[in-house]
$ cat model12.cif   # mmCIF, C-alpha atoms
data_upload
loop_
_atom_site.label_atom_id
_atom_site.label_comp_id
_atom_site.auth_asym_id
_atom_site.auth_seq_id
_atom_site.Cartn_x
_atom_site.Cartn_y
_atom_site.Cartn_z
CA MET A 1021 0.00 0.00 0.00
CA ALA A 1022 2.83 2.37 0.87
CA SER A 1023 4.55 1.54 -2.41
CA LYS A 1024 1.38 2.37 -4.36
CA ASN A 1025 1.02 5.66 -2.49
CA ASN A 1026 4.64 6.51 -3.28
CA LYS A 1027 4.05 5.78 -6.99
CA ASN A 1028 1.00 8.03 -7.05
CA LYS A 1029 2.86 10.74 -5.16
CA LEU A 1030 5.81 10.45 -7.54
CA LYS A 1031 3.56 10.66 -10.60
CA LYS A 1032 1.90 13.79 -9.21
CA TYR A 1033 5.24 15.50 -8.66
CA GLN A 1034 6.50 14.36 -12.08
CA ILE A 1035 3.46 15.92 -13.79
CA THR A 1036 3.91 19.17 -11.87
CA THR A 1037 7.64 19.29 -12.53
CA PHE A 1038 7.37 18.55 -16.25
CA SER A 1039 4.45 20.94 -16.79
CA THR A 1040 6.30 23.76 -15.04
CA LEU A 1041 9.52 23.10 -16.97
CA PHE A 1042 7.62 22.81 -20.25
CA MET A 1043 5.87 26.17 -19.87
CA GLY A 1044 8.92 27.84 -18.36
CA TYR A 1045 11.39 26.66 -20.98
CA GLY A 1046 8.92 27.51 -23.72
CA SER A 1047 8.91 31.03 -22.29
CA TYR A 1048 12.72 31.04 -22.31
CA GLY A 1049 12.55 30.33 -26.05
CA LEU A 1050 9.82 32.92 -26.63
CA ASN A 1051 11.85 35.51 -24.76
CA ARG A 1052 15.04 34.61 -26.61
CA LYS A 1053 13.40 35.11 -30.03
CA SER A 1054 11.22 38.12 -29.21
CA VAL A 1055 13.67 40.62 -30.68
CA SER A 1056 14.43 38.43 -33.72
CA LEU A 1057 10.72 38.51 -34.58
CA ALA A 1058 10.72 42.28 -34.15
CA LEU A 1059 13.84 42.86 -36.29
CA PRO A 1060 12.01 43.41 -39.63
CA ALA A 1061 9.89 46.14 -38.02
CA MET A 1062 12.96 47.63 -36.34
CA MET A 1063 14.78 47.64 -39.68
CA GLU A 1064 11.86 49.49 -41.25
CA HIS A 1065 12.51 52.21 -38.67
CA GLY A 1066 16.16 52.60 -39.60
CA LEU A 1067 18.02 49.67 -38.07
CA GLY A 1068 20.67 48.42 -40.53
CA PRO A 1069 21.62 44.79 -41.27
CA SER A 1070 24.98 45.14 -39.49
CA GLU A 1071 23.32 46.66 -36.43
CA ALA A 1072 20.72 43.88 -36.40
CA GLY A 1073 23.53 41.33 -36.61
CA LEU A 1074 25.36 43.04 -33.75
CA ILE A 1075 22.30 42.81 -31.50
CA ALA A 1076 21.73 39.14 -32.38
CA SER A 1077 25.40 38.24 -31.90
CA SER A 1078 25.60 40.00 -28.53
CA GLN A 1079 22.92 37.70 -27.15
CA ASN A 1080 24.42 34.60 -28.76
CA LEU A 1081 27.86 35.42 -27.34
CA ALA A 1082 26.47 35.87 -23.83
CA TYR A 1083 24.32 32.75 -24.22
CA ALA A 1084 27.39 30.71 -25.16
CA ILE A 1085 29.23 31.87 -22.05
CA SER A 1086 26.33 31.48 -19.63
CA LYS A 1087 25.15 28.10 -20.95
CA PHE A 1088 28.66 26.72 -20.48
CA ALA A 1089 28.83 28.15 -16.96
CA GLY A 1090 25.27 27.00 -16.26
CA GLY A 1091 26.12 23.42 -17.20
CA ILE A 1092 28.85 23.35 -14.56
CA LEU A 1093 26.85 25.28 -11.97
CA SER A 1094 23.85 22.96 -12.32
CA ASP A 1095 25.77 20.29 -10.37
CA LYS A 1096 26.64 22.75 -7.59
CA VAL A 1097 23.61 25.01 -7.00
CA SER A 1098 19.84 24.59 -6.75
CA ALA A 1099 18.43 23.76 -10.20
CA ARG A 1100 15.09 25.23 -9.08
CA HIS A 1101 16.64 28.61 -8.27
CA LEU A 1102 18.80 28.54 -11.40
CA PHE A 1103 15.81 27.94 -13.66
CA ALA A 1104 13.36 30.36 -12.03
CA LEU A 1105 15.72 33.28 -11.44
CA GLY A 1106 17.13 33.05 -14.97
CA LEU A 1107 13.59 33.27 -16.36
CA ILE A 1108 12.64 36.24 -14.15
CA ILE A 1109 15.83 38.19 -14.89
CA SER A 1110 15.68 37.60 -18.67
CA GLY A 1111 12.03 38.71 -18.66
CA LEU A 1112 12.80 41.94 -16.78
CA ILE A 1113 15.66 42.74 -19.19
CA THR A 1114 13.36 42.18 -22.18
CA VAL A 1115 10.80 44.60 -20.75
CA ILE A 1116 13.54 47.22 -20.29
CA PHE A 1117 14.67 46.58 -23.90
CA SER A 1118 11.21 47.57 -25.13
CA TYR A 1119 11.65 51.04 -23.60
CA SER A 1120 15.17 51.63 -24.99
CA ASN A 1121 16.18 53.57 -28.09
CA SER A 1122 19.94 53.51 -28.78
CA ILE A 1123 21.88 50.77 -30.59
CA GLY A 1124 24.35 50.66 -27.71
CA MET A 1125 21.59 50.06 -25.15
CA PHE A 1126 19.90 47.47 -27.38
CA THR A 1127 23.19 45.56 -27.67
CA LEU A 1128 24.02 45.77 -23.96
CA LEU A 1129 20.57 44.67 -22.82
CA TRP A 1130 20.43 41.78 -25.28
CA PHE A 1131 23.88 40.67 -24.11
CA LEU A 1132 22.59 40.65 -20.52
CA ASN A 1133 19.50 38.77 -21.68
CA GLY A 1134 21.78 36.10 -23.16
CA LEU A 1135 23.59 35.76 -19.83
CA ALA A 1136 20.30 35.10 -18.04
CA GLN A 1137 19.10 32.72 -20.79
CA GLY A 1138 21.97 30.31 -20.15
CA ALA A 1139 20.45 29.24 -16.83
CA GLY A 1140 17.46 27.54 -18.46
CA TRP A 1141 18.48 24.29 -20.13
CA PRO A 1142 21.23 23.15 -17.70
CA ALA A 1143 18.68 23.38 -14.88
CA CYS A 1144 16.15 21.46 -17.01
CA ALA A 1145 18.67 18.67 -17.71
CA LYS A 1146 19.49 18.38 -14.02
CA LEU A 1147 15.84 18.19 -12.97
CA LEU A 1148 14.96 15.67 -15.69
CA ARG A 1149 17.74 13.36 -14.58
CA GLU A 1150 16.50 13.55 -10.99
CA TRP A 1151 12.81 12.95 -11.73
CA TYR A 1152 12.73 10.49 -14.67
CA SER A 1153 13.98 6.98 -15.37
CA PRO A 1154 17.11 6.55 -17.57
CA THR A 1155 15.17 4.22 -19.89
CA SER A 1156 12.82 7.07 -20.85
CA PHE A 1157 15.31 9.95 -20.50
CA GLY A 1158 15.62 10.57 -24.24
CA THR A 1159 11.86 10.79 -24.69
CA TRP A 1160 11.32 13.26 -21.84
CA TRP A 1161 14.36 15.28 -23.00
CA SER A 1162 12.90 15.56 -26.50
CA LEU A 1163 9.44 16.41 -25.22
CA LEU A 1164 10.80 19.18 -23.03
CA SER A 1165 13.03 20.62 -25.76
CA SER A 1166 9.99 20.73 -28.04
CA SER A 1167 8.41 23.35 -25.76
CA THR A 1168 10.45 26.02 -27.54
CA ASN A 1169 9.08 24.74 -30.86
CA ILE A 1170 5.50 25.15 -29.68
CA ALA A 1171 6.29 28.64 -28.40
CA GLY A 1172 8.15 29.36 -31.63
CA GLY A 1173 5.24 28.10 -33.74
CA ILE A 1174 2.70 30.33 -32.01
CA SER A 1175 4.81 33.40 -31.32
CA PRO A 1176 5.39 34.57 -34.93
CA PHE A 1177 1.64 35.02 -35.46
CA VAL A 1178 1.14 36.67 -32.06
CA ALA A 1179 4.16 38.89 -32.71
CA ALA A 1180 2.91 39.80 -36.20
CA TYR A 1181 -0.46 40.81 -34.75
CA LEU A 1182 1.06 42.85 -31.91
CA ILE A 1183 3.61 44.50 -34.20
CA THR A 1184 1.08 45.48 -36.88
CA SER A 1185 -1.49 46.62 -34.29
CA TYR A 1186 0.62 48.17 -31.53
CA GLY A 1187 4.24 48.26 -32.71
CA TRP A 1188 7.31 46.11 -32.08
CA ARG A 1189 7.83 47.45 -28.56
CA MET A 1190 4.55 45.99 -27.33
CA SER A 1191 5.42 42.60 -28.84
CA VAL A 1192 8.75 42.51 -26.98
CA ARG A 1193 7.15 43.81 -23.77
CA VAL A 1194 4.50 41.08 -23.70
CA SER A 1195 7.16 38.39 -24.11
CA GLY A 1196 9.16 39.75 -21.18
CA THR A 1197 6.11 40.00 -18.93
CA VAL A 1198 5.12 36.38 -19.60
CA SER A 1199 8.63 35.25 -18.65
CA VAL A 1200 8.54 37.09 -15.33
CA VAL A 1201 5.16 35.58 -14.41
CA LEU A 1202 6.21 32.02 -15.29
CA GLY A 1203 9.52 32.51 -13.47
CA VAL A 1204 7.65 33.28 -10.25
CA ILE A 1205 5.42 30.21 -10.77
CA SER A 1206 8.51 28.05 -11.33
CA LEU A 1207 10.10 29.28 -8.12
CA ILE A 1208 7.01 28.20 -6.19
CA SER A 1209 6.21 24.86 -7.85
CA LEU A 1210 9.57 23.23 -8.72
CA ILE A 1211 11.36 20.81 -6.37
CA ASN A 1212 15.02 19.95 -6.90
CA SER A 1213 14.82 16.20 -6.26
CA PRO A 1214 12.38 13.46 -5.24
CA THR A 1215 14.50 13.01 -2.12
CA ASP A 1216 13.34 16.46 -0.96
CA VAL A 1217 9.82 15.00 -0.59
CA LYS A 1218 10.99 11.60 0.73
CA LEU A 1219 10.86 9.81 -2.62
CA PRO A 1220 13.69 7.91 -4.37
CA SER A 1221 15.67 9.80 -7.01
CA PHE A 1222 16.40 8.34 -10.46
CA ALA A 1223 19.83 9.99 -10.58
CA ALA A 1224 22.75 7.71 -9.88
CA PRO A 1225 24.09 8.13 -6.34
CA LYS A 1226 27.40 9.82 -5.94
CA LYS A 1227 30.26 7.54 -4.97
CA LYS A 1228 31.98 8.43 -1.74
CA ASP A 1229 35.71 8.11 -1.16
CA SER A 1230 37.22 8.31 2.29
CA LYS A 1231 40.16 10.26 0.97
CA ALA A 1232 39.47 13.70 -0.47
CA THR A 1233 42.74 13.68 -2.39
CA ASN A 1234 41.71 10.53 -4.23
CA ASN A 1235 38.34 12.12 -5.02
CA GLN A 1236 40.06 15.12 -6.54
CA LYS A 1237 42.48 12.97 -8.53
CA ASN A 1238 39.68 10.75 -9.87
CA ALA A 1239 37.64 13.80 -10.84
CA GLU A 1240 40.59 15.30 -12.68
CA ASP A 1241 41.26 12.02 -14.49
CA SER A 1242 37.59 11.76 -15.46
CA VAL A 1243 37.50 15.29 -16.86
CA TYR A 1244 40.73 14.64 -18.77
CA SER A 1245 39.30 11.44 -20.27
CA LEU A 1246 36.10 13.28 -21.16
CA VAL A 1247 37.94 16.06 -22.99
CA LYS A 1248 40.08 13.50 -24.84
CA SER A 1249 37.05 11.64 -26.20
CA PRO A 1250 36.86 11.87 -30.04
CA LEU A 1251 33.13 11.16 -29.88
CA LEU A 1252 32.56 14.21 -27.69
CA TRP A 1253 34.27 16.43 -30.25
CA ILE A 1254 32.38 14.87 -33.16
CA VAL A 1255 29.17 15.70 -31.29
CA ALA A 1256 30.46 19.20 -30.45
CA VAL A 1257 31.40 20.06 -34.05
CA SER A 1258 28.12 18.65 -35.37
CA TYR A 1259 26.16 20.55 -32.71
CA MET A 1260 27.94 23.77 -33.70
CA SER A 1261 27.02 23.26 -37.35
CA VAL A 1262 23.35 22.41 -36.83
CA PHE A 1263 22.89 25.20 -34.27
CA CYS A 1264 24.39 27.70 -36.70
CA SER A 1265 21.93 26.46 -39.33
CA LYS A 1266 18.99 26.56 -36.92
CA THR A 1267 19.75 30.08 -35.66
CA SER A 1268 20.31 31.37 -39.20
CA SER A 1269 17.00 29.87 -40.34
CA THR A 1270 14.96 31.33 -37.48
CA ASP A 1271 16.71 34.72 -37.39
CA TRP A 1272 17.29 35.42 -41.08
CA GLY A 1273 14.88 33.11 -42.91
CA GLN A 1274 11.94 35.54 -42.84
CA ILE A 1275 14.20 38.46 -43.85
CA TYR A 1276 15.56 36.42 -46.78
CA LEU A 1277 12.04 35.59 -47.97
CA MET A 1278 10.78 39.17 -47.58
CA GLU A 1279 13.75 41.08 -49.02
CA GLU A 1280 15.09 38.75 -51.72
CA ARG A 1281 12.09 36.59 -52.60
CA ARG A 1282 9.48 39.40 -52.32
CA GLN A 1283 7.23 37.49 -49.94
CA SER A 1284 4.97 39.21 -47.40
CA GLN A 1285 5.65 39.46 -43.67
CA TYR A 1286 2.93 36.91 -42.97
CA VAL A 1287 4.62 34.43 -45.33
CA GLY A 1288 7.95 35.12 -43.60
CA ASN A 1289 6.41 34.66 -40.17
CA GLY A 1290 4.58 31.56 -41.43
CA PHE A 1291 7.91 30.10 -42.52
CA THR A 1292 9.36 30.72 -39.05
CA SER A 1293 6.27 29.20 -37.45
CA SER A 1294 6.53 26.15 -39.73
CA LEU A 1295 10.17 25.75 -38.72
CA GLU A 1296 9.18 25.56 -35.08
CA THR A 1297 6.20 23.29 -35.75
CA GLY A 1298 8.40 20.89 -37.70
CA GLY A 1299 10.99 21.19 -34.95
CA PHE A 1300 8.40 20.05 -32.42
CA VAL A 1301 7.74 16.89 -34.44
CA GLY A 1302 11.42 16.26 -35.18
CA SER A 1303 12.51 16.71 -31.56
CA ILE A 1304 9.95 14.28 -30.18
CA LEU A 1305 10.38 11.64 -32.90
CA SER A 1306 14.18 11.66 -32.68
CA GLY A 1307 14.20 10.98 -28.95
CA TRP A 1308 11.27 8.56 -28.88
CA LEU A 1309 12.35 6.48 -31.88
CA THR A 1310 15.94 6.12 -30.69
CA ASP A 1311 14.76 5.22 -27.17
CA LEU A 1312 12.47 2.58 -28.71
CA TYR A 1313 15.33 1.19 -30.81
CA LEU A 1314 17.60 0.93 -27.78
CA ARG A 1315 14.91 -0.86 -25.73
CA VAL A 1316 13.94 -3.30 -28.50
CA ARG A 1317 17.56 -4.16 -29.32
CA ASN A 1318 18.55 -4.09 -25.62
CA GLU A 1319 21.47 -1.96 -26.78
CA THR A 1320 23.59 -0.20 -24.16
CA ASN A 1321 25.71 1.80 -26.63
CA THR A 1322 23.43 4.78 -27.28
CA VAL A 1323 25.70 6.18 -30.01
CA LYS A 1324 24.81 3.26 -32.29
CA GLY A 1325 21.12 3.99 -31.88
CA ARG A 1326 21.14 7.78 -32.08
CA MET A 1327 23.96 8.91 -34.42
CA PRO A 1328 22.63 7.27 -37.65
CA VAL A 1329 19.27 9.02 -37.15
CA ALA A 1330 21.09 12.34 -36.69
CA ILE A 1331 23.03 11.77 -39.94
CA ILE A 1332 19.84 11.09 -41.91
CA MET A 1333 18.23 14.25 -40.53
CA MET A 1334 21.30 16.35 -41.35
CA ALA A 1335 21.05 15.10 -44.95
CA GLY A 1336 17.49 16.45 -44.92
CA VAL A 1337 18.81 19.84 -43.77
CA ALA A 1338 21.17 20.01 -46.74
CA VAL A 1339 18.35 19.19 -49.17
CA CYS A 1340 16.08 21.85 -47.65
CA PHE A 1341 18.74 24.55 -47.88
CA HIS A 1342 19.28 23.61 -51.53
CA LEU A 1343 15.56 23.98 -52.27
CA LEU A 1344 15.31 27.21 -50.29
CA TYR A 1345 18.03 28.84 -52.39
CA PHE A 1346 17.36 27.42 -55.86
CA ASN A 1347 13.60 26.76 -55.92
CA VAL A 1348 11.91 29.47 -53.83
CA HIS A 1349 11.00 32.69 -55.68
CA GLU A 1350 8.42 35.47 -55.67
CA HIS A 1351 5.65 33.28 -57.10
CA THR A 1352 6.23 30.21 -54.92
CA SER A 1353 3.05 29.33 -53.05
CA ARG A 1354 2.74 29.95 -49.34
CA PHE A 1355 1.91 26.29 -48.81
CA LEU A 1356 5.18 25.09 -50.39
CA ILE A 1357 7.22 27.60 -48.38
CA ALA A 1358 5.48 26.51 -45.18
CA ALA A 1359 5.99 22.83 -46.05
CA LEU A 1360 9.68 23.46 -46.71
CA GLY A 1361 9.94 25.23 -43.35
CA PHE A 1362 8.23 22.31 -41.61
CA VAL A 1363 10.61 19.70 -43.03
CA LEU A 1364 13.65 21.93 -42.41
CA GLY A 1365 12.57 22.47 -38.79
CA ALA A 1366 12.10 18.73 -38.19
CA CYS A 1367 15.52 17.96 -39.65
CA LEU A 1368 17.22 20.73 -37.64
CA TYR A 1369 15.69 20.16 -34.22
CA GLY A 1370 15.95 16.36 -34.34
CA PRO A 1371 19.78 16.38 -34.35
CA ILE A 1372 19.82 19.23 -31.81
CA ALA A 1373 17.89 17.01 -29.37
CA LEU A 1374 20.02 13.96 -30.14
CA PHE A 1375 23.37 15.74 -29.74
CA GLY A 1376 22.35 17.01 -26.30
CA ILE A 1377 21.21 13.52 -25.27
CA LEU A 1378 24.41 11.92 -26.61
CA ALA A 1379 26.63 14.36 -24.72
CA THR A 1380 24.75 13.79 -21.46
CA GLU A 1381 24.56 10.00 -21.78
CA SER A 1382 28.17 9.53 -22.84
CA ALA A 1383 29.53 11.00 -19.61
CA PRO A 1384 29.43 9.70 -16.01
CA PRO A 1385 26.52 11.15 -13.99
CA HIS A 1386 28.80 13.50 -12.05
CA LEU A 1387 30.21 14.90 -15.31
CA SER A 1388 27.05 15.00 -17.41
CA GLY A 1389 26.68 18.73 -16.81
CA THR A 1390 30.26 19.35 -17.90
CA ALA A 1391 29.88 17.20 -21.03
CA HIS A 1392 26.72 19.02 -22.03
CA ALA A 1393 28.35 22.37 -21.23
CA ILE A 1394 31.19 21.61 -23.67
CA VAL A 1395 28.94 20.71 -26.60
CA ALA A 1396 26.54 23.55 -25.73
CA LEU A 1397 29.45 25.98 -25.88
CA ALA A 1398 30.28 24.69 -29.36
CA ALA A 1399 26.62 25.04 -30.36
CA ASN A 1400 26.51 28.63 -29.25
CA VAL A 1401 29.70 29.42 -31.14
CA GLY A 1402 27.66 28.37 -34.16
CA ALA A 1403 24.89 30.71 -33.07
CA ILE A 1404 27.39 33.58 -32.77
CA ILE A 1405 28.67 32.89 -36.29
CA SER A 1406 25.09 33.09 -37.57
CA GLY A 1407 24.74 36.62 -36.20
CA LEU A 1408 27.16 39.44 -37.02
CA PRO A 1409 29.49 37.43 -39.34
CA PHE A 1410 26.59 36.23 -41.48
CA SER A 1411 25.06 39.71 -41.54
CA TYR A 1412 28.31 40.92 -43.14
CA VAL A 1413 28.08 38.11 -45.71
CA ALA A 1414 24.53 39.21 -46.49
CA LYS A 1415 25.61 42.85 -46.75
CA SER A 1416 28.47 42.00 -49.11
CA TYR A 1417 26.63 39.38 -51.17
CA SER A 1418 23.06 38.39 -50.25
CA TRP A 1419 20.98 36.51 -47.69
CA GLY A 1420 20.69 33.72 -50.23
CA SER A 1421 24.47 33.32 -50.14
CA VAL A 1422 24.21 32.59 -46.42
CA PHE A 1423 21.86 29.67 -47.01
CA LEU A 1424 23.94 28.35 -49.92
CA MET A 1425 26.98 28.42 -47.64
CA LEU A 1426 25.03 26.57 -44.93
CA GLU A 1427 24.21 23.81 -47.42
CA VAL A 1428 27.93 23.25 -48.05
CA VAL A 1429 28.76 23.33 -44.33
CA THR A 1430 26.02 20.78 -43.61
CA VAL A 1431 27.41 18.34 -46.19
CA LEU A 1432 30.89 18.65 -44.62
CA THR A 1433 29.35 18.05 -41.19
CA ILE A 1434 27.71 14.83 -42.40
CA LEU A 1435 31.13 13.56 -43.50
CA ILE A 1436 32.54 14.29 -40.04
CA MET A 1437 29.60 12.61 -38.31
CA SER A 1438 30.03 9.51 -40.47
CA SER A 1439 33.41 8.86 -38.83
CA TYR A 1440 31.76 8.10 -35.46
CA ALA A 1441 31.89 4.32 -36.09
CA LYS A 1442 35.69 4.38 -35.71
CA PHE A 1443 35.35 5.41 -32.07
CA VAL A 1444 32.68 3.00 -30.77
CA PRO A 1445 33.20 -0.67 -29.87
CA LYS A 1446 32.39 -3.07 -32.70
CA LYS A 1447 30.51 -5.28 -30.27
CA SER A 1448 28.29 -3.99 -27.52
CA LYS A 1449 27.26 -6.25 -24.68
CA SER A 1450 23.62 -5.74 -23.85
CA LYS A 1451 22.25 -5.88 -20.38
CA THR A 1452 18.85 -5.58 -18.84
CA GLN A 1453 18.29 -2.21 -17.16
#
$ encode --input "model12.cif" --output "structure tokens"
Amino acid sequence: MASKNNKNKLKKYQITTFSTLFMGYGSYGLNRKSVSLALPAMMEHGLGPSEAGLIASSQNLAYAISKFAGGILSDKVSARHLFALGLIISGLITVIFSYSNSIGMFTLLWFLNGLAQGAGWPACAKLLREWYSPTSFGTWWSLLSSSTNIAGGISPFVAAYLITSYGWRMSVRVSGTVSVVLGVISLISLINSPTDVKLPSFAAPKKKDSKATNNQKNAEDSVYSLVKSPLLWIVAVSYMSVFCSKTSSTDWGQIYLMEERRQSQYVGNGFTSSLETGGFVGSILSGWLTDLYLRVRNETNTVKGRMPVAIIMMAGVAVCFHLLYFNVHEHTSRFLIAALGFVLGACLYGPIALFGILATESAPPHLSGTAHAIVALAANVGAIISGLPFSYVAKSYSWGSVFLMLEVVTVLTILIMSSYAKFVPKKSKSKTQ
């Protein structure tokens, strides 16, 4: 009877935890993209391409730094506080942004926003590992990461309405306010671990050593082995490439369609929305299908189950970029553009989910935050490249040149990913979990 009560109690807390994280992280994504959605309107009021790129890159640079730091901090501080306070602070900064006027202030505030944004996902990863079974970790990870896709699918239409009716400042202001409210809710409802409410945690227990010096030495050796892993760097480079492609598509895709393919703002926003909708499907399917494969095959080497799926999806990214550059023009139907955005989003967000899972699973529990921090840093370097550097490419050539270049980079990334088989055991002993 007590066991049944504990299961019911655990399920209740799991539902509360996941629901709070889902809404909160969706708001993180909404907040992060609020200015990107407002950029076309800001550019109509005199903001230049280089200035827009500077604002975007300032956030991406800060996000790269803070996400790396957040991955390490998540093992040392309260994940609940990290998640909630990051959401509240980023929301307040976004509201202040909506009242600012100078390029310098825009850039500074969006840099600070990026610093606060980095607290979100590391805290999510920590809480997921505490509250959910390892055999379903990939599925819950993918479901949670898809929250930004849902927010991203809805927000372009809401932003378009607010911008056309009330101006870009109101659109940004609403996004910031929602983040603050959900941050307060998260602070109240989240619990760090099942052990805090007298329930067993799913996270592996930390091994204790009677000698602190041995602990330190073992930790150093573990970190050294982690950094030396070729697989980790294959994942990091691939993550950097796909994140550069994803950020370029969401930030510059609508501008490319509006300025160079003479499409309307609603078509541009529809493309962005389709990206996020497809991303929702791709994120969930990538995690669920690879989890299913691993369970059916009783396979303990997760790389063998997840990396081939990531390669196939990256091939889809290359095809979509090719079609976006060579086949989309002024008279292309809205349906085809939206369909292209949907497929591109699925193929982008699937590998993004898988690379994060691979980095976390490939490391010992006490180093999972560090492993994810390393690949997340690489991913955000890709996001930085997609900002100011790509805006200069667009200024010198065209936005279409950016997407043609991304097609080539994606093909090269696939070749790098294909070398993963050299660094995994040829035979994997299965065991029942």
$ resolve_selection --input "model12.cif" --expression "the PyMOL selection byres ((chain A and resi 1430-1434) around 8)" --output "compact mmCIF listing (two decimals) with C-alpha atoms, in the frame of the given file"
# COMPACT_ATOMS: atom_id res chain seq x y z
CA VAL A 1257 31.40 20.06 -34.05
CA SER A 1258 28.12 18.65 -35.37
CA SER A 1261 27.02 23.26 -37.35
CA VAL A 1262 23.35 22.41 -36.83
CA ILE A 1331 23.03 11.77 -39.94
CA MET A 1334 21.30 16.35 -41.35
CA ALA A 1335 21.05 15.10 -44.95
CA VAL A 1337 18.81 19.84 -43.77
CA ALA A 1338 21.17 20.01 -46.74
CA LEU A 1426 25.03 26.57 -44.93
CA GLU A 1427 24.21 23.81 -47.42
CA VAL A 1428 27.93 23.25 -48.05
CA VAL A 1429 28.76 23.33 -44.33
CA LEU A 1435 31.13 13.56 -43.50
CA ILE A 1436 32.54 14.29 -40.04
CA MET A 1437 29.60 12.61 -38.31
CA SER A 1438 30.03 9.51 -40.47
$ closest_residue --input "model12.cif" --among "A:Lys1087, A:Lys1032, A:Arg1189, A:Lys1053" --to "Leu1397 in chain A" --atoms "all atoms listed in the file"
A:Lys1087
$ resolve_selection --input "model12.cif" --expression "the PyMOL selection byres ((chain A and resi 1115) around 9)" --output "count of residues only"
16
$ resolve_selection --input "model12.cif" --expression "the PyMOL selection byres ((chain A and resi 1304-1309) around 12)" --output "compact mmCIF listing (two decimals) with C-alpha atoms, in the frame of the given file"
# COMPACT_ATOMS: atom_id res chain seq x y z
CA THR A 1155 15.17 4.22 -19.89
CA SER A 1156 12.82 7.07 -20.85
CA PHE A 1157 15.31 9.95 -20.50
CA GLY A 1158 15.62 10.57 -24.24
CA THR A 1159 11.86 10.79 -24.69
CA TRP A 1160 11.32 13.26 -21.84
CA TRP A 1161 14.36 15.28 -23.00
CA SER A 1162 12.90 15.56 -26.50
CA LEU A 1163 9.44 16.41 -25.22
CA LEU A 1164 10.80 19.18 -23.03
CA SER A 1165 13.03 20.62 -25.76
CA SER A 1166 9.99 20.73 -28.04
CA SER A 1167 8.41 23.35 -25.76
CA ASN A 1169 9.08 24.74 -30.86
CA ILE A 1170 5.50 25.15 -29.68
CA THR A 1297 6.20 23.29 -35.75
CA GLY A 1298 8.40 20.89 -37.70
CA GLY A 1299 10.99 21.19 -34.95
CA PHE A 1300 8.40 20.05 -32.42
CA VAL A 1301 7.74 16.89 -34.44
CA GLY A 1302 11.42 16.26 -35.18
CA SER A 1303 12.51 16.71 -31.56
CA THR A 1310 15.94 6.12 -30.69
CA ASP A 1311 14.76 5.22 -27.17
CA LEU A 1312 12.47 2.58 -28.71
CA TYR A 1313 15.33 1.19 -30.81
CA LEU A 1314 17.60 0.93 -27.78
CA ARG A 1315 14.91 -0.86 -25.73
CA VAL A 1316 13.94 -3.30 -28.50
CA THR A 1322 23.43 4.78 -27.28
CA GLY A 1325 21.12 3.99 -31.88
CA ARG A 1326 21.14 7.78 -32.08
CA MET A 1327 23.96 8.91 -34.42
CA PRO A 1328 22.63 7.27 -37.65
CA VAL A 1329 19.27 9.02 -37.15
CA ALA A 1330 21.09 12.34 -36.69
CA ILE A 1331 23.03 11.77 -39.94
CA ILE A 1332 19.84 11.09 -41.91
CA MET A 1333 18.23 14.25 -40.53
CA ALA A 1366 12.10 18.73 -38.19
CA CYS A 1367 15.52 17.96 -39.65
CA LEU A 1368 17.22 20.73 -37.64
CA TYR A 1369 15.69 20.16 -34.22
CA GLY A 1370 15.95 16.36 -34.34
CA PRO A 1371 19.78 16.38 -34.35
CA ILE A 1372 19.82 19.23 -31.81
CA ALA A 1373 17.89 17.01 -29.37
CA LEU A 1374 20.02 13.96 -30.14
CA PHE A 1375 23.37 15.74 -29.74
CA GLY A 1376 22.35 17.01 -26.30
CA ILE A 1377 21.21 13.52 -25.27
CA LEU A 1378 24.41 11.92 -26.61
$ atom_distance --input "model12.cif" --atom1 "CA of Glu1381 in chain A" --atom2 "CA of Leu1105 in chain A"
27.0 Å
$ residues_around --input "model12.cif" --residues "Tyr1412 in chain A" --least-positions-apart "2" --cutoff "12 Å" --atoms "only C-alpha atoms" --output "list in words"
Gly1068, Pro1069, Ser1070, Glu1071, Ala1072, Gly1073, Leu1074, Ser1077, Ile1405, Ser1406, Gly1407, Leu1408, Pro1409, Phe1410, Ala1414, Lys1415, Ser1416, Tyr1417, Ser1418, Trp1419, Ser1421 and Val1422 of chain A
$ closest_residue --input "model12.cif" --among "A:Lys1324, A:Arg1354, A:His1065, A:Lys1031" --to "Asn1289 in chain A" --atoms "all atoms listed in the file"
A:Arg1354
